[in-house]
file coords18.csv (CSV, C-alpha atoms and all ligand atoms)
chain,number,residue,atom,x,y,z
A,91,MET,CA,252.0,128.8,83.2
A,92,ILE,CA,255.2,130.7,83.8
A,93,CYS,CA,257.8,131.3,81.1
A,94,LEU,CA,261.3,132.6,81.7
A,95,GLY,CA,263.0,134.2,78.7
A,96,ILE,CA,266.7,134.8,78.2
A,97,GLU,CA,268.0,137.5,75.9
A,98,SER,CA,271.7,137.5,74.9
A,99,THR,CA,272.0,138.3,71.2
A,100,ALA,CA,274.3,141.3,71.7
A,101,HIS,CA,275.1,143.9,74.3
A,102,THR,CA,272.2,143.0,76.6
A,103,PHE,CA,271.8,140.1,79.0
A,104,GLY,CA,268.1,140.1,79.9
A,105,ILE,CA,265.7,137.9,81.8
A,106,GLY,CA,261.9,138.3,81.4
A,107,ILE,CA,259.3,136.3,83.2
A,108,ILE,CA,255.8,136.1,81.9
A,109,SER,CA,252.7,134.5,83.4
A,110,TYR,CA,249.9,133.5,81.1
A,111,ASN,CA,246.6,131.7,81.4
A,112,THR,CA,245.0,130.1,78.4
A,113,LYS,CA,241.7,129.4,80.0
A,114,ASN,CA,239.9,132.6,78.8
A,115,SER,CA,240.9,132.7,75.2
A,116,LYS,CA,243.1,130.4,73.2
A,117,HIS,CA,244.3,133.1,70.8
A,118,ARG,CA,244.9,136.0,73.2
A,119,PRO,CA,245.7,134.4,76.5
A,120,GLU,CA,245.7,136.5,79.7
A,121,THR,CA,249.3,137.6,80.0
A,122,THR,CA,251.2,139.4,82.7
A,123,ILE,CA,254.8,140.5,82.5
A,124,LEU,CA,256.1,139.7,86.0
A,125,ALA,CA,259.7,140.8,85.5
A,126,ASN,CA,261.9,142.4,82.8
A,127,CYS,CA,265.5,142.7,84.2
A,128,LYS,CA,268.7,143.4,82.2
A,129,ALA,CA,272.3,144.5,82.3
A,130,SER,CA,273.8,146.0,79.2
A,131,PHE,CA,277.5,146.2,78.1
A,132,THR,CA,278.6,149.8,77.6
A,133,SER,CA,282.0,151.3,76.7
A,134,LYS,CA,283.3,154.8,76.8
A,135,LYS,CA,285.9,154.4,74.0
A,136,ALA,CA,285.4,151.2,72.0
A,137,GLY,CA,282.3,149.6,70.4
A,138,MET,CA,281.2,146.0,71.1
A,139,ILE,CA,284.1,143.5,71.2
A,140,PRO,CA,282.4,140.1,71.1
A,141,SER,CA,284.6,138.4,73.7
A,142,GLN,CA,284.3,141.3,76.1
A,143,VAL,CA,280.5,141.4,75.8
A,144,ALA,CA,280.4,137.6,76.4
A,145,ASP,CA,282.5,138.1,79.5
A,146,HIS,CA,280.1,140.8,80.6
A,147,HIS,CA,277.1,138.4,80.2
A,148,VAL,CA,278.9,135.6,82.2
A,149,ASP,CA,279.6,138.1,85.0
A,150,VAL,CA,276.0,139.4,85.3
A,151,CYS,CA,273.8,136.3,84.4
A,152,ASP,CA,273.3,135.0,87.9
A,153,LYS,CA,272.6,138.4,89.3
A,154,ILE,CA,270.0,139.2,86.7
A,155,ILE,CA,268.3,135.8,87.1
A,156,THR,CA,268.1,136.4,90.9
A,157,GLN,CA,266.8,140.0,90.4
A,158,ALA,CA,264.1,138.8,88.0
A,159,MET,CA,263.0,135.9,90.3
A,160,GLN,CA,262.8,138.3,93.2
A,161,LYS,CA,260.8,140.9,91.1
A,162,ALA,CA,258.4,138.2,90.0
A,163,LYS,CA,258.3,136.8,93.6
A,164,LEU,CA,258.9,133.3,92.3
A,165,ARG,CA,261.2,130.4,93.0
A,166,LEU,CA,263.0,128.4,90.4
A,167,LYS,CA,260.7,125.4,90.7
A,168,ASP,CA,257.7,127.7,89.7
A,169,ILE,CA,259.1,128.0,86.2
A,170,ASP,CA,257.2,125.9,83.6
A,171,MET,CA,259.2,126.7,80.5
A,172,ILE,CA,262.4,128.4,79.5
A,173,SER,CA,263.0,130.2,76.2
A,174,TYR,CA,266.2,131.8,74.9
A,175,SER,CA,267.1,133.9,71.8
A,176,ALA,CA,268.8,131.4,69.5
A,177,SER,CA,269.1,133.7,66.4
A,178,PRO,CA,270.3,136.0,65.0
A,179,GLY,CA,273.2,137.7,66.8
A,180,ILE,CA,276.8,137.5,67.9
A,181,GLY,CA,277.9,133.8,68.3
A,182,HIS,CA,279.9,134.5,71.5
A,183,THR,CA,277.0,136.0,73.3
A,184,LEU,CA,274.2,133.8,71.9
A,185,ARG,CA,276.1,130.8,73.3
A,186,ILE,CA,275.9,132.2,76.8
A,187,GLY,CA,272.1,132.5,76.6
A,188,ALA,CA,271.8,128.9,75.3
A,189,MET,CA,274.1,127.7,78.1
A,190,VAL,CA,272.1,129.5,80.7
A,191,ALA,CA,268.9,127.9,79.3
A,192,ARG,CA,270.4,124.5,79.4
A,193,SER,CA,271.8,124.9,82.9
A,194,LEU,CA,268.5,126.1,84.4
A,195,ALA,CA,266.6,123.3,82.7
A,196,LEU,CA,269.1,120.7,84.0
A,197,ARG,CA,268.9,122.1,87.5
A,198,LEU,CA,265.1,121.8,87.3
A,199,LYS,CA,265.5,118.3,85.9
A,200,LYS,CA,267.4,117.4,89.1
A,201,LEU,CA,264.3,118.5,91.0
A,202,LYS,CA,262.3,116.1,88.8
A,203,LEU,CA,260.8,118.9,86.8
A,204,ASN,CA,260.9,118.4,83.1
A,205,VAL,CA,260.8,121.9,81.7
A,206,PRO,CA,260.6,122.5,78.0
A,207,VAL,CA,263.3,124.7,76.4
A,208,ILE,CA,262.3,126.9,73.5
A,209,PRO,CA,264.7,128.5,71.0
A,210,VAL,CA,263.3,131.7,69.6
A,211,ASN,CA,264.1,134.3,66.9
A,212,HIS,CA,265.1,137.7,68.4
A,213,CYS,CA,263.7,139.7,65.4
A,214,ILE,CA,260.3,138.1,65.6
A,215,ALA,CA,260.3,138.6,69.4
A,216,HIS,CA,260.6,142.4,68.8
A,217,LEU,CA,257.5,142.2,66.7
A,218,GLU,CA,255.4,139.9,68.9
A,219,ILE,CA,256.0,141.8,72.1
A,220,GLY,CA,254.7,144.9,70.2
A,221,ARG,CA,251.6,143.0,69.1
A,222,LEU,CA,251.0,141.9,72.7
A,223,LEU,CA,251.5,145.3,74.3
A,224,THR,CA,249.7,147.5,71.8
A,225,LYS,CA,246.4,147.0,69.9
A,226,ALA,CA,248.2,146.3,66.7
A,227,LYS,CA,246.8,143.2,64.9
A,228,ASP,CA,248.5,142.8,61.6
A,229,PRO,CA,251.1,145.7,61.5
A,230,ILE,CA,254.0,146.5,59.3
A,231,LEU,CA,257.0,146.4,61.6
A,232,LEU,CA,259.7,149.0,61.3
A,233,TYR,CA,262.4,147.1,63.0
A,234,VAL,CA,265.4,149.4,63.6
A,235,SER,CA,268.1,148.2,66.0
A,236,GLY,CA,271.9,147.9,66.1
A,237,ALA,CA,272.4,145.1,63.7
A,238,ASN,CA,269.1,145.1,61.9
A,239,THR,CA,267.1,147.5,59.8
A,240,GLN,CA,264.1,145.7,58.3
A,241,ILE,CA,260.5,146.4,57.2
A,242,ILE,CA,258.5,143.3,58.0
A,243,SER,CA,255.1,142.2,57.0
A,244,TYR,CA,253.2,138.9,57.8
A,245,GLU,CA,252.1,137.0,54.8
A,246,ALA,CA,251.1,133.4,54.3
A,247,GLY,CA,252.8,131.8,57.3
A,248,LYS,CA,256.0,133.9,57.4
A,249,TYR,CA,257.2,137.3,58.5
A,250,ARG,CA,258.5,138.6,55.1
A,251,ILE,CA,261.3,141.1,54.9
A,252,ILE,CA,260.0,143.6,52.3
A,253,GLY,CA,262.8,146.1,52.7
A,254,GLU,CA,266.1,146.2,54.5
A,255,THR,CA,269.5,147.7,54.8
A,256,LEU,CA,271.9,146.4,52.2
A,257,ASP,CA,274.9,146.9,54.5
A,258,ILE,CA,275.1,148.0,58.1
A,259,GLY,CA,272.1,148.3,60.5
A,260,ILE,CA,271.0,151.8,61.4
A,261,GLY,CA,272.0,151.5,65.1
A,262,ASN,CA,275.5,150.3,64.1
A,263,PHE,CA,275.7,153.3,61.8
A,264,LEU,CA,274.8,155.6,64.7
A,265,ASP,CA,277.2,153.8,67.1
A,266,THR,CA,280.1,154.0,64.6
A,267,LEU,CA,279.4,157.6,63.9
A,268,ALA,CA,279.3,158.3,67.7
A,269,ARG,CA,282.6,156.6,68.0
A,270,GLU,CA,284.1,158.8,65.3
A,271,LEU,CA,282.8,161.8,67.3
A,272,ASN,CA,284.2,160.4,70.6
A,273,LEU,CA,280.8,160.1,72.1
A,274,GLY,CA,281.1,156.5,73.4
A,275,PHE,CA,278.8,153.5,73.1
A,276,PRO,CA,275.8,153.3,72.7
A,277,GLY,CA,275.8,156.3,70.4
A,278,GLY,CA,272.1,156.6,69.4
A,279,PRO,CA,270.9,158.3,72.6
A,280,LYS,CA,273.9,160.7,72.6
A,281,ILE,CA,273.2,161.7,69.0
A,282,GLN,CA,269.6,162.2,69.9
A,283,GLU,CA,270.5,164.6,72.7
A,284,LEU,CA,273.0,166.6,70.6
A,285,ALA,CA,270.5,166.8,67.7
A,286,LYS,CA,268.0,168.7,69.8
A,287,LYS,CA,270.4,171.7,69.8
A,288,GLY,CA,271.3,171.5,66.1
A,289,LYS,CA,270.3,174.6,64.1
A,290,ARG,CA,271.8,174.3,60.6
A,291,PHE,CA,270.8,171.5,58.2
A,292,ILE,CA,273.7,169.9,56.3
A,293,GLU,CA,272.7,168.3,53.0
A,294,LEU,CA,273.8,164.6,53.2
A,295,PRO,CA,273.5,161.6,50.8
A,296,TYR,CA,270.1,160.1,50.8
A,297,SER,CA,270.3,156.5,49.7
A,298,ILE,CA,267.2,154.4,49.0
A,299,LYS,CA,267.1,151.6,46.4
A,300,GLY,CA,263.4,150.6,46.0
A,301,MET,CA,262.4,149.3,49.4
A,302,ASP,CA,266.0,148.9,50.5
A,303,MET,CA,268.5,151.4,52.0
A,304,ASN,CA,272.1,151.6,52.9
A,305,PHE,CA,274.2,153.6,55.4
A,306,GLY,CA,277.8,152.6,54.7
A,307,GLY,CA,278.3,155.3,52.0
A,308,LEU,CA,276.8,158.0,54.3
A,309,LEU,CA,279.2,156.9,57.0
A,310,THR,CA,282.2,157.3,54.7
A,311,TYR,CA,280.9,160.6,53.5
A,312,ILE,CA,280.6,162.0,57.0
A,313,LYS,CA,284.0,160.6,58.1
A,314,GLN,CA,285.6,162.6,55.2
A,315,LEU,CA,283.5,165.7,55.9
A,316,ILE,CA,284.6,165.9,59.5
A,317,LYS,CA,288.2,165.5,58.6
A,318,LYS,CA,288.1,168.8,56.7
A,319,PRO,CA,289.6,171.4,59.0
A,320,GLN,CA,287.1,174.1,58.0
A,321,PHE,CA,284.1,171.9,58.7
A,322,PHE,CA,283.8,172.7,62.4
A,323,ASP,CA,284.4,176.4,61.7
A,324,GLU,CA,281.1,176.4,59.9
A,325,TYR,CA,279.0,173.8,61.6
A,326,THR,CA,278.7,172.4,65.2
A,327,ILE,CA,278.6,168.7,66.2
A,328,GLU,CA,275.0,169.4,67.2
A,329,ASP,CA,274.2,170.6,63.6
A,330,LEU,CA,275.8,167.3,62.3
A,331,CYS,CA,273.8,165.1,64.7
A,332,PHE,CA,270.6,167.0,63.8
A,333,SER,CA,271.2,166.6,60.0
A,334,VAL,CA,272.1,162.9,60.3
A,335,GLN,CA,268.8,162.2,62.2
A,336,GLU,CA,266.7,164.2,59.8
A,337,THR,CA,268.2,162.4,56.8
A,338,ILE,CA,268.2,158.8,58.0
A,339,PHE,CA,264.8,158.9,59.8
A,340,ALA,CA,263.2,160.6,56.7
A,341,LEU,CA,264.5,157.6,54.7
A,342,MET,CA,263.1,155.1,57.2
A,343,THR,CA,259.7,156.8,57.3
A,344,GLU,CA,259.6,156.9,53.5
A,345,VAL,CA,260.2,153.2,53.2
A,346,ALA,CA,257.7,152.5,56.0
A,347,GLU,CA,255.0,154.5,54.2
A,348,ARG,CA,255.6,152.7,50.9
A,349,ALA,CA,255.4,149.4,52.8
A,350,LEU,CA,252.0,150.4,54.2
A,351,ALA,CA,250.8,151.3,50.7
A,352,HIS,CA,252.2,148.2,48.9
A,353,CYS,CA,250.9,145.7,51.5
A,354,ASP,CA,247.6,147.6,51.9
A,355,LYS,CA,247.9,147.7,55.7
A,356,ASN,CA,247.0,150.5,58.1
A,357,GLU,CA,249.0,149.8,61.2
A,358,LEU,CA,252.7,150.6,61.7
A,359,LEU,CA,254.5,149.1,64.7
A,360,LEU,CA,258.0,150.3,65.8
A,361,GLY,CA,260.5,147.9,67.3
A,362,GLY,CA,264.3,147.8,68.1
A,363,GLY,CA,266.5,150.1,70.1
A,364,VAL,CA,266.6,152.9,67.5
A,365,ALA,CA,262.8,153.1,67.7
A,366,CYS,CA,263.3,154.8,71.2
A,367,ASN,CA,264.4,157.9,69.2
A,368,LYS,CA,261.8,160.6,69.7
A,369,ARG,CA,262.4,162.3,66.3
A,370,LEU,CA,261.9,159.0,64.5
A,371,GLN,CA,258.7,158.4,66.5
A,372,GLU,CA,257.5,161.8,65.6
A,373,MET,CA,258.1,161.4,61.9
A,374,CYS,CA,256.4,158.0,61.8
A,375,THR,CA,253.4,159.3,63.8
A,376,ILE,CA,253.0,162.3,61.4
A,377,MET,CA,253.3,160.0,58.4
A,378,CYS,CA,250.7,157.6,59.7
A,379,LYS,CA,248.3,160.4,60.6
A,380,GLY,CA,248.5,161.7,57.1
A,381,ARG,CA,247.4,158.5,55.6
A,382,GLY,CA,244.8,157.5,58.2
A,383,ALA,CA,246.9,154.7,59.6
A,384,GLN,CA,247.8,154.0,63.3
A,385,CYS,CA,251.3,154.2,64.7
A,386,PHE,CA,252.0,151.9,67.6
A,387,ILE,CA,255.1,152.5,69.8
A,388,PRO,CA,255.7,150.2,72.9
A,389,ASP,CA,257.5,151.5,76.0
A,390,ASN,CA,261.3,152.0,75.6
A,391,GLN,CA,262.0,148.9,77.8
A,392,TYR,CA,260.3,146.7,75.3
A,393,LEU,CA,261.8,148.4,72.2
A,394,ILE,CA,265.4,147.8,73.3
A,395,ASP,CA,266.6,144.2,73.7
A,396,ASN,CA,264.8,142.6,76.6
A,397,GLY,CA,264.0,139.2,78.1
A,398,ALA,CA,260.2,139.8,78.3
A,399,MET,CA,259.9,139.6,74.5
A,400,ILE,CA,261.9,136.3,74.5
A,401,ALA,CA,259.6,134.9,77.2
A,402,TRP,CA,256.5,135.9,75.2
A,403,LEU,CA,257.7,134.4,71.9
A,404,GLY,CA,258.6,131.3,74.0
A,405,VAL,CA,254.9,131.0,75.0
A,406,LEU,CA,253.8,131.4,71.4
A,407,GLU,CA,256.2,128.9,70.0
A,408,TYR,CA,255.4,126.4,72.7
A,409,SER,CA,251.7,126.7,71.9
A,410,ALA,CA,252.6,125.6,68.3
A,411,GLY,CA,254.6,122.6,69.6
A,412,ASN,CA,258.1,124.0,69.0
A,413,TYR,CA,260.2,123.0,71.9
A,414,ILE,CA,262.9,120.7,73.3
A,415,SER,CA,262.3,118.4,76.2
A,416,LEU,CA,265.5,117.3,78.1
A,417,LYS,CA,263.6,114.3,79.6
A,418,ASN,CA,264.2,111.8,76.8
A,419,ASN,CA,265.9,114.3,74.6
A,420,VAL,CA,262.7,114.9,72.7
A,421,VAL,CA,262.9,117.6,70.1
A,422,LYS,CA,259.5,118.8,68.8
A,423,ASN,CA,259.8,120.9,65.6
A,424,ALA,CA,262.7,122.9,67.1
A,425,LYS,CA,266.4,122.2,66.7
A,426,LYS,CA,268.5,121.1,69.7
A,427,ILE,CA,269.6,123.6,72.3
A,428,THR,CA,271.8,125.4,69.8
A,429,ILE,CA,272.2,128.8,68.2
A,430,ALA,CA,271.9,130.1,64.6
A,431,PRO,CA,273.7,133.5,64.4
A,432,TYR,CA,272.7,134.2,60.8
A,433,LEU,CA,269.2,132.9,60.6
A,434,ARG,CA,266.9,135.4,58.8
A,435,THR,CA,263.5,136.4,59.9
A,436,ASP,CA,261.9,135.1,56.7
A,437,ASP,CA,263.5,131.6,57.2
A,438,ILE,CA,261.1,130.9,60.0
A,439,GLU,CA,257.7,129.2,59.6
A,440,ILE,CA,255.1,130.8,61.9
A,441,ARG,CA,252.9,128.0,63.2
A,442,TYR,CA,251.1,129.9,65.9
A,443,ARG,CA,249.3,132.6,63.8
B,1,LIG,P1,269.3,143.5,67.3
B,1,LIG,O1,270.0,142.2,67.7
B,1,LIG,O2,267.9,143.4,67.2
B,1,LIG,O3,270.0,144.2,66.2
B,1,LIG,P2,270.6,145.2,69.2
B,1,LIG,O4,271.5,144.3,69.8
B,1,LIG,O5,271.2,146.2,68.3
B,1,LIG,O6,269.4,144.5,68.6
B,1,LIG,P3,268.7,147.0,70.5
B,1,LIG,O7,268.6,147.2,72.0
B,1,LIG,O8,267.5,146.6,69.8
B,1,LIG,O9,269.9,146.0,70.4
B,1,LIG,O10,269.3,148.4,69.8
B,1,LIG,C1,270.4,149.0,70.2
B,1,LIG,C2,270.7,150.2,69.3
B,1,LIG,O11,269.7,151.2,69.6
B,1,LIG,C3,272.1,150.8,69.5
B,1,LIG,O12,272.7,151.0,68.3
B,1,LIG,C4,271.7,152.2,70.1
B,1,LIG,O13,272.6,153.2,69.8
B,1,LIG,C5,270.3,152.5,69.6
B,1,LIG,N1,269.5,153.4,70.3
B,1,LIG,C6,269.1,153.3,71.6
B,1,LIG,N2,268.4,154.4,72.0
B,1,LIG,C7,268.4,155.2,70.9
B,1,LIG,C8,267.9,156.5,70.7
B,1,LIG,N3,267.2,157.2,71.6
B,1,LIG,N4,268.0,157.0,69.4
B,1,LIG,C9,268.7,156.4,68.5
B,1,LIG,N5,269.2,155.1,68.7
B,1,LIG,C10,269.1,154.6,69.9
B,2,FE2,FE,267.2,143.7,69.3

call {"tool": "encode", "arguments": {"input": "coords18.csv", "output": "structure tokens", "more": "lines below"}}
Ligand code: ATP
Ligand code: FE2
result
Amino acid sequence: MICLGIESTAHTFGIGIISYNTKNSKHRPETTILANCKASFTSKKAGMIPSQVADHHVDVCDKIITQAMQKAKLRLKDIDMISYSASPGIGHTLRIGAMVARSLALRLKKLKLNVPVIPVNHCIAHLEIGRLLTKAKDPILLYVSGANTQIISYEAGKYRIIGETLDIGIGNFLDTLARELNLGFPGGPKIQELAKKGKRFIELPYSIKGMDMNFGGLLTYIKQLIKKPQFFDEYTIEDLCFSVQETIFALMTEVAERALAHCDKNELLLGGGVACNKRLQEMCTIMCKGRGAQCFIPDNQYLIDNGAMIAWLGVLEYSAGNYISLKNNVVKNAKKITIAPYLRTDDIEIRYR
């Protein structure tokens, strides 16, 4: 069976194609990622303006689909199912993905092929691709991306959010800070590069509330700090980036460690674009080593938004009977081909685990 996954929750339009074979084992089918292609919106000056990002996805969608089909050496009629990220994300861009899913399914219907369409949750996709690609079985997920910062643990049929940001996501924090420093979008990678050359640590607010954290206050604090004329006489932009990373990643690592202890688990899995950060990876690895746990970090291309994770979750949801068939407008356990920008990870019942 071949599943084509469409990612469009925010800056990235991605197409992933996965082939899987259930003959060998029902629970861990033999799976191959045949393609994982994407184009991401970037901007030198501004951040993500929803209508501009949506225009970007409309512009690139056909090119990325063709690229992925060529990479996988497949034709459209070889596709057996189509999944798309239905939640959570920016309404403007989610709609493009849902529309692409519907258009492809209708095109296949014309060829007399009734292909199921599977709406999936983007956050759970980050987690499941990590479980597929690493040996992690029942990990705590440290999910750190642009819009989301969550610590997630599976318990009794749901992925429970046991800690999260109370305001902005850690990636949005980094991107906004980078914009203030005229570094462009996305800011995370640029801050990482500058941080390597930082020498002096600047004490910054460290805000944890139980298992939750927030970044808005820190952002305001830094904005005021860099407005002071004497600040850059004493410190460099590299020092600031270094201090920011040390502070926010220590905070993330602390919450992750507490989650491992509270849930009595011994595997930590990283997911989301900010998890590409080498310093965060280093801190988590050291923390896990110290307590005899394992730290799993998938390749960067599967940490940032990607179509492969959407395709894989499509396979899992289909196996649990959650899909839409356009043939007689049959909807099995899933909603219609629609989007849910605000749906939370812990609202979703997991039927395949
Ligand atoms: P989600 O919908 O899951 O919130 P997202 O749309 O934010 O996802 P991701 O690709 O998961 O997309 O994450 C993008 C974020 O990752 C951006 O904020 C970007 O600055 C940040 N990022 C990417 N690479 C790095 C890095 N090396 N260090 C820190 N942050 C990074
Ligand atoms: Fe993401």

call {"tool": "residues_around", "arguments": {"input": "coords18.csv", "residues": "Ile169 of chain A", "least_positions_apart": "2", "cutoff": "9 Å", "atoms": "only C-alpha atoms", "output": "count of residues only"}}
result
13

call {"tool": "residues_around", "arguments": {"input": "coords18.csv", "residues": "Ile440 of chain A", "least_positions_apart": "5", "cutoff": "8 Å", "atoms": "only C-alpha atoms", "output": "list in words"}}
result
Gly247, Lys248 and Tyr249 of chain A

call {"tool": "residues_near_ligand", "arguments": {"input": "coords18.csv", "ligand": "ligand FE2 2 (chain B)", "cutoff": "8 Å", "atoms": "all atoms listed in the file", "output": "short mmCIF file (atom, residue, chain, number, x, y, z; two decimals) with C-alpha atoms, keeping the file's coordinate frame"}}
result
data_model
loop_
_atom_site.label_atom_id
_atom_site.label_comp_id
_atom_site.auth_asym_id
_atom_site.auth_seq_id
_atom_site.Cartn_x
_atom_site.Cartn_y
_atom_site.Cartn_z
CA THR A 99 272.00 138.30 71.20
CA ALA A 100 274.30 141.30 71.70
CA HIS A 212 265.10 137.70 68.40
CA CYS A 213 263.70 139.70 65.40
CA HIS A 216 260.60 142.40 68.80
CA SER A 235 268.10 148.20 66.00
CA GLY A 236 271.90 147.90 66.10
CA ALA A 237 272.40 145.10 63.70
CA ASN A 238 269.10 145.10 61.90
CA GLY A 362 264.30 147.80 68.10
CA GLY A 363 266.50 150.10 70.10
CA LEU A 393 261.80 148.40 72.20
CA ILE A 394 265.40 147.80 73.30
CA ASP A 395 266.60 144.20 73.70
CA ASN A 396 264.80 142.60 76.60
#

call {"tool": "closest_atom_pairs", "arguments": {"input": "coords18.csv", "of": "chain A", "to": "ligand LIG 1 (chain B)", "cutoff": "9 Å", "atoms": "only C-alpha atoms and all ligand atoms", "output": "JSON lines"}}
result
{"residue": "A:Ser98", "atom": "CA", "partner": "B:LIG1", "partner_atom": "O4", "distance": 8.5}
{"residue": "A:Thr99", "atom": "CA", "partner": "B:LIG1", "partner_atom": "O1", "distance": 5.6}
{"residue": "A:Ala100", "atom": "CA", "partner": "B:LIG1", "partner_atom": "O4", "distance": 4.5}
{"residue": "A:His101", "atom": "CA", "partner": "B:LIG1", "partner_atom": "O4", "distance": 5.8}
{"residue": "A:Thr102", "atom": "CA", "partner": "B:LIG1", "partner_atom": "O4", "distance": 7.0}
{"residue": "A:Ser130", "atom": "CA", "partner": "B:LIG1", "partner_atom": "O7", "distance": 9.0}
{"residue": "A:Ser177", "atom": "CA", "partner": "B:LIG1", "partner_atom": "O1", "distance": 8.6}
{"residue": "A:Pro178", "atom": "CA", "partner": "B:LIG1", "partner_atom": "O1", "distance": 6.8}
{"residue": "A:Gly179", "atom": "CA", "partner": "B:LIG1", "partner_atom": "O1", "distance": 5.6}
{"residue": "A:Ile180", "atom": "CA", "partner": "B:LIG1", "partner_atom": "O1", "distance": 8.3}
{"residue": "A:His212", "atom": "CA", "partner": "B:LIG1", "partner_atom": "O2", "distance": 6.5}
{"residue": "A:Cys213", "atom": "CA", "partner": "B:LIG1", "partner_atom": "O2", "distance": 5.9}
{"residue": "A:His216", "atom": "CA", "partner": "B:LIG1", "partner_atom": "O2", "distance": 7.5}
{"residue": "A:Tyr233", "atom": "CA", "partner": "B:LIG1", "partner_atom": "O2", "distance": 7.8}
{"residue": "A:Val234", "atom": "CA", "partner": "B:LIG1", "partner_atom": "O8", "distance": 7.1}
{"residue": "A:Ser235", "atom": "CA", "partner": "B:LIG1", "partner_atom": "O10", "distance": 4.0}
{"residue": "A:Gly236", "atom": "CA", "partner": "B:LIG1", "partner_atom": "O5", "distance": 2.9}
{"residue": "A:Ala237", "atom": "CA", "partner": "B:LIG1", "partner_atom": "O3", "distance": 3.6}
{"residue": "A:Asn238", "atom": "CA", "partner": "B:LIG1", "partner_atom": "O3", "distance": 4.5}
{"residue": "A:Thr239", "atom": "CA", "partner": "B:LIG1", "partner_atom": "O3", "distance": 7.8}
{"residue": "A:Gly259", "atom": "CA", "partner": "B:LIG1", "partner_atom": "O3", "distance": 7.3}
{"residue": "A:Ile260", "atom": "CA", "partner": "B:LIG1", "partner_atom": "O12", "distance": 7.2}
{"residue": "A:Gly261", "atom": "CA", "partner": "B:LIG1", "partner_atom": "O12", "distance": 3.3}
{"residue": "A:Asn262", "atom": "CA", "partner": "B:LIG1", "partner_atom": "O12", "distance": 5.1}
{"residue": "A:Phe263", "atom": "CA", "partner": "B:LIG1", "partner_atom": "O12", "distance": 7.5}
{"residue": "A:Leu264", "atom": "CA", "partner": "B:LIG1", "partner_atom": "O13", "distance": 6.1}
{"residue": "A:Asp265", "atom": "CA", "partner": "B:LIG1", "partner_atom": "O13", "distance": 5.4}
{"residue": "A:Thr266", "atom": "CA", "partner": "B:LIG1", "partner_atom": "O12", "distance": 8.8}
{"residue": "A:Ala268", "atom": "CA", "partner": "B:LIG1", "partner_atom": "O13", "distance": 8.7}
{"residue": "A:Phe275", "atom": "CA", "partner": "B:LIG1", "partner_atom": "O13", "distance": 7.0}
{"residue": "A:Pro276", "atom": "CA", "partner": "B:LIG1", "partner_atom": "O13", "distance": 4.3}
{"residue": "A:Gly277", "atom": "CA", "partner": "B:LIG1", "partner_atom": "O13", "distance": 4.5}
{"residue": "A:Gly278", "atom": "CA", "partner": "B:LIG1", "partner_atom": "N5", "distance": 3.3}
{"residue": "A:Pro279", "atom": "CA", "partner": "B:LIG1", "partner_atom": "C8", "distance": 4.0}
{"residue": "A:Lys280", "atom": "CA", "partner": "B:LIG1", "partner_atom": "C8", "distance": 7.6}
{"residue": "A:Ile281", "atom": "CA", "partner": "B:LIG1", "partner_atom": "C9", "distance": 7.0}
{"residue": "A:Gln282", "atom": "CA", "partner": "B:LIG1", "partner_atom": "N4", "distance": 5.5}
{"residue": "A:Glu283", "atom": "CA", "partner": "B:LIG1", "partner_atom": "N3", "distance": 8.2}
{"residue": "A:Gln335", "atom": "CA", "partner": "B:LIG1", "partner_atom": "C9", "distance": 8.6}
{"residue": "A:Gly361", "atom": "CA", "partner": "B:LIG1", "partner_atom": "O8", "distance": 7.5}
{"residue": "A:Gly362", "atom": "CA", "partner": "B:LIG1", "partner_atom": "O8", "distance": 3.8}
{"residue": "A:Gly363", "atom": "CA", "partner": "B:LIG1", "partner_atom": "O10", "distance": 3.3}
{"residue": "A:Val364", "atom": "CA", "partner": "B:LIG1", "partner_atom": "N5", "distance": 3.6}
{"residue": "A:Ala365", "atom": "CA", "partner": "B:LIG1", "partner_atom": "N4", "distance": 6.7}
{"residue": "A:Cys366", "atom": "CA", "partner": "B:LIG1", "partner_atom": "N3", "distance": 4.6}
{"residue": "A:Asn367", "atom": "CA", "partner": "B:LIG1", "partner_atom": "N4", "distance": 3.7}
{"residue": "A:Lys368", "atom": "CA", "partner": "B:LIG1", "partner_atom": "N3", "distance": 6.7}
{"residue": "A:Arg369", "atom": "CA", "partner": "B:LIG1", "partner_atom": "N4", "distance": 8.3}
{"residue": "A:Leu370", "atom": "CA", "partner": "B:LIG1", "partner_atom": "N4", "distance": 8.1}
{"residue": "A:Asn390", "atom": "CA", "partner": "B:LIG1", "partner_atom": "N2", "distance": 8.3}
{"residue": "A:Gln391", "atom": "CA", "partner": "B:LIG1", "partner_atom": "O7", "distance": 8.9}
{"residue": "A:Tyr392", "atom": "CA", "partner": "B:LIG1", "partner_atom": "O7", "distance": 8.9}
{"residue": "A:Leu393", "atom": "CA", "partner": "B:LIG1", "partner_atom": "O8", "distance": 6.4}
{"residue": "A:Ile394", "atom": "CA", "partner": "B:LIG1", "partner_atom": "O7", "distance": 3.5}
{"residue": "A:Asp395", "atom": "CA", "partner": "B:LIG1", "partner_atom": "O7", "distance": 4.0}
{"residue": "A:Asn396", "atom": "CA", "partner": "B:LIG1", "partner_atom": "O7", "distance": 7.5}

call {"tool": "residues_around", "arguments": {"input": "coords18.csv", "residues": "Leu217 of chain A", "least_positions_apart": "3", "cutoff": "12 Å", "atoms": "all atoms listed in the file", "output": "ChimeraX atom specification"}}
result
/A:211-214,220-224,226-234,240-244,249,358-362,386-388,392-395,399-400,402-403,435

call {"tool": "closest_residue", "arguments": {"input": "coords18.csv", "among": "A:Gln371, A:Pro140, A:Lys163, A:Tyr296", "to": "Asp389 of chain A", "atoms": "all atoms listed in the file"}}
result
A:Gln371
